[in-house]
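Raw contents of model-v4.txt, compact mmCIF, C-alpha atoms:
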```txt
# COMPACT_ATOMS: atom_id res chain seq x y z
CA GLN A 1 115.19 57.82 172.72
CA VAL A 2 114.46 61.12 171.03
CA GLN A 3 111.88 63.63 172.24
CA LEU A 4 110.36 66.16 169.84
CA VAL A 5 108.36 69.30 170.58
CA GLU A 6 106.68 71.30 167.82
CA SER A 7 105.64 74.94 167.99
CA GLY A 8 104.53 77.72 165.68
CA GLY A 9 101.12 76.60 164.50
CA GLY A 10 98.12 78.89 164.38
CA LEU A 11 95.43 80.50 162.29
CA VAL A 12 96.37 82.33 159.12
CA GLN A 13 94.55 83.62 156.07
CA ALA A 14 95.05 82.06 152.66
CA GLY A 15 98.21 83.40 151.07
CA GLY A 16 99.86 83.95 154.43
CA SER A 17 102.90 82.34 156.04
CA LEU A 18 103.80 80.40 159.16
CA ARG A 19 107.01 78.89 160.45
CA LEU A 20 106.93 75.70 162.45
CA SER A 21 109.75 74.65 164.74
CA CYS A 22 110.64 71.21 166.08
CA ALA A 23 113.10 70.98 168.96
CA ALA A 24 114.76 67.61 169.53
CA SER A 25 116.27 66.33 172.76
CA GLY A 26 117.67 63.06 174.01
CA ARG A 27 119.75 60.85 171.68
CA THR A 28 119.90 63.51 168.97
CA PHE A 29 123.27 62.24 167.73
CA SER A 30 121.46 59.18 166.37
CA ILE A 31 119.17 61.18 164.07
CA LEU A 32 120.00 60.79 160.38
CA GLY A 33 116.94 62.51 159.01
CA MET A 34 113.93 64.49 160.12
CA GLY A 35 110.56 64.91 158.53
CA TRP A 36 107.31 66.82 158.70
CA PHE A 37 103.96 65.13 158.21
CA ARG A 38 100.39 66.40 158.42
CA GLN A 39 97.00 64.93 159.08
CA ALA A 40 93.70 66.56 158.23
CA PRO A 41 90.41 65.42 159.80
CA GLY A 42 89.23 62.16 158.27
CA LYS A 43 92.41 61.72 156.25
CA GLU A 44 95.54 59.63 156.62
CA ARG A 45 98.80 61.14 157.78
CA GLU A 46 100.73 62.37 154.77
CA PHE A 47 104.35 63.24 154.12
CA VAL A 48 105.24 66.91 153.72
CA ALA A 49 109.05 67.26 153.73
CA ALA A 50 112.25 65.61 154.90
CA ILE A 51 115.82 66.74 155.52
CA SER A 52 119.06 64.86 156.06
CA MET A 53 120.88 66.01 159.18
CA SER A 54 124.27 65.80 157.50
CA GLY A 55 124.47 67.69 154.25
CA GLY A 56 121.02 69.20 154.57
CA ARG A 57 119.52 67.48 151.55
CA THR A 58 115.78 68.15 151.27
CA TYR A 59 112.81 66.36 149.77
CA TYR A 60 109.22 67.59 149.40
CA ALA A 61 105.79 66.32 148.59
CA ASP A 62 104.57 67.64 145.26
CA SER A 63 101.68 69.43 146.99
CA VAL A 64 104.03 71.76 148.89
CA LYS A 65 107.02 72.01 146.55
CA GLY A 66 107.90 75.64 145.89
CA ARG A 67 105.84 76.88 148.85
CA PHE A 68 107.35 75.13 151.88
CA THR A 69 110.99 75.01 152.95
CA ILE A 70 112.46 72.62 155.48
CA SER A 71 115.70 73.55 157.21
CA ARG A 72 117.73 72.56 160.25
CA ASP A 73 120.01 74.10 162.85
CA ASN A 74 122.18 71.26 164.11
CA ALA A 75 123.64 73.39 166.90
CA LYS A 76 120.15 73.90 168.30
CA ASN A 77 118.88 70.41 167.41
CA THR A 78 115.95 72.14 165.73
CA VAL A 79 114.20 71.63 162.41
CA TYR A 80 111.98 74.26 160.81
CA LEU A 81 109.21 74.28 158.26
CA GLN A 82 108.66 77.63 156.57
CA MET A 83 105.24 77.63 154.95
CA ASN A 84 104.41 80.34 152.42
CA SER A 85 101.42 80.91 150.13
CA LEU A 86 99.28 78.83 152.43
CA LYS A 87 96.03 77.38 151.13
CA PRO A 88 92.93 76.14 152.97
CA ASP A 89 93.94 72.61 151.87
CA ASP A 90 97.05 72.97 154.05
CA THR A 91 94.86 72.94 157.16
CA ALA A 92 95.94 70.02 159.33
CA VAL A 93 97.79 68.97 162.44
CA TYR A 94 101.48 69.05 161.59
CA TYR A 95 103.88 66.57 163.16
CA CYS A 96 107.63 66.43 163.11
CA ALA A 97 109.36 63.08 163.24
CA ALA A 98 112.86 61.69 163.64
CA GLY A 99 114.09 58.91 161.42
CA ARG A 100 114.78 55.47 162.86
CA LEU A 101 118.40 54.35 163.36
CA GLU A 102 118.36 52.70 159.95
CA TYR A 103 116.70 55.66 158.21
CA VAL A 104 117.75 56.19 154.60
CA PHE A 105 117.09 59.61 153.09
CA PRO A 106 114.66 60.51 151.54
CA GLY A 107 112.38 58.02 153.24
CA ALA A 108 108.89 59.46 153.32
CA ASP A 109 106.89 56.60 154.82
CA PRO A 110 105.69 57.18 158.39
CA ALA A 111 107.13 53.74 159.20
CA ASP A 112 110.62 55.15 158.50
CA PHE A 113 110.29 57.44 161.52
CA GLY A 114 110.50 56.24 165.09
CA SER A 115 109.91 59.35 167.20
CA TRP A 116 107.05 61.82 166.82
CA GLY A 117 106.09 65.13 168.33
CA GLN A 118 102.68 65.90 169.76
CA GLY A 119 101.59 67.91 166.73
CA THR A 120 100.68 71.53 166.17
CA GLN A 121 97.48 72.78 164.53
CA VAL A 122 97.68 74.86 161.36
CA THR A 123 94.43 76.39 160.14
CA VAL A 124 94.24 78.35 156.90
CA SER A 125 91.08 80.37 156.36
CA SER A 126 89.78 81.27 152.91
```
Target encoding structure tokens, full file:
Amino acid sequence: QVQLVESGGGLVQAGGSLRLSCAASGRTFSILGMGWFRQAPGKEREFVAAISMSGGRTYYADSVKGRFTISRDNAKNTVYLQMNSLKPDDTAVYYCAAGRLEYVFPGADPADFGSWGQGTQVTVSS
């Protein structure tokens, strides 16, 4: 099993930046890819970004491309999401997730991910 803990959420004004972190523990050697998702009130969980743990390939939702950057530090078993030029529409609970054993990058369906963090709130004020 893989355990994930997110941190770094908070309140920021539109145009500002935040960096989210996701620390993984447990069977981290089995992780092929990691992703970030978000869920706003009354909406379905949506894909934000994914990264392959070997090679560091990245993939983004169109809504965040050019503003968000996903990265990883394999030595620390940590994945980051740098969020710049934040908009009120980015307000949501952000979750990190670890791909299932059979994960194939750049899977972006929540069903491709088997372990999830508890989520961290990001609020962008206008």
Could you list, as a PyMOL selection string, every residue within 8 Å of segment 68-72 of chain A, counting all atoms listed in the file and ignoring same-chain residues fewer than 3 positions away?
chain A and resi 49-51+53+56+58+64-65+77-84
Which is closest to Leu32 of chain A among A:Asp90, A:Ser52, A:Ser7, A:Val122, if we use all atoms listed in the file?
A:Ser52
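The residue that comes closest to Ala14 of chain A, out of A:Gln118, A:Phe105, A:Pro88, A:Ala98 and on the basis of all atoms listed in the file, is A:Pro88.
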Choose the residue, out of A:Ala75, A:Ile31, A:Val104, A:Ala92, that has the smallest atom-to-atom separation from Leu11 of chain A; count all atoms listed in the file.
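Smallest distance to Leu11 of chain A is found for A:Ala92.
Atom pair atom CA of Phe47 of chain A / atom CA of Val124 of chain A has a distance of 18.4 Å (rounded to one decimal).
Minimum atom-to-atom distance to Leu18 of chain A, evaluated using all atoms listed in the file, belongs to A:Lys87 out of A:Gln1, A:Lys87, A:Met34, A:Arg57.
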Using atom CA of Val48 of chain A and atom CA of Asp109 of chain A as the two end points, give the distance in Å to one decimal.
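Atom-to-atom, atom CA of Val48 of chain A to atom CA of Asp109 of chain A, that is 10.5 Å.
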Which residue gives the smallest distance to Ala97 of chain A among A:Gly35, A:Gly8, A:Pro41, A:Gly26, with all atoms listed in the file counted?
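Answer, going by the shortest atom-to-atom distance: A:Gly35.
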So, counting all atoms listed in the file, which residue among A:Asn74, A:Ser85, A:Thr120, A:Gln13 is closest to Gln39 of chain A?
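Looking only at the distances to Gln39 of chain A, the closest residue turns out to be A:Thr120.
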Suppose you want the space between atom CA of Trp36 of chain A and atom CA of Ser125 of chain A; what is it in Å?
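Here the two named atoms are 21.3 Å from each other.
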Contacts of Asp112 of chain A at 9 Å or less, counting only C-alpha atoms, minus same-chain residues fewer than 5 places along, as a ChimeraX atom specification?
/A:98-100,102-104,107
Dump C-alpha atoms for the selected residues as an mmCIF file, in the frame of the given file?
```cif
data_model
loop_
_atom_site.group_PDB
_atom_site.id
_atom_site.type_symbol
_atom_site.label_atom_id
_atom_site.label_comp_id
_atom_site.auth_asym_id
_atom_site.auth_seq_id
_atom_site.Cartn_x
_atom_site.Cartn_y
_atom_site.Cartn_z
ATOM 1 C CA ALA A 98 112.860 61.690 163.640
ATOM 2 C CA GLY A 99 114.090 58.910 161.420
ATOM 3 C CA ARG A 100 114.780 55.470 162.860
ATOM 4 C CA GLU A 102 118.360 52.700 159.950
ATOM 5 C CA TYR A 103 116.700 55.660 158.210
ATOM 6 C CA VAL A 104 117.750 56.190 154.600
ATOM 7 C CA GLY A 107 112.380 58.020 153.240
#
```
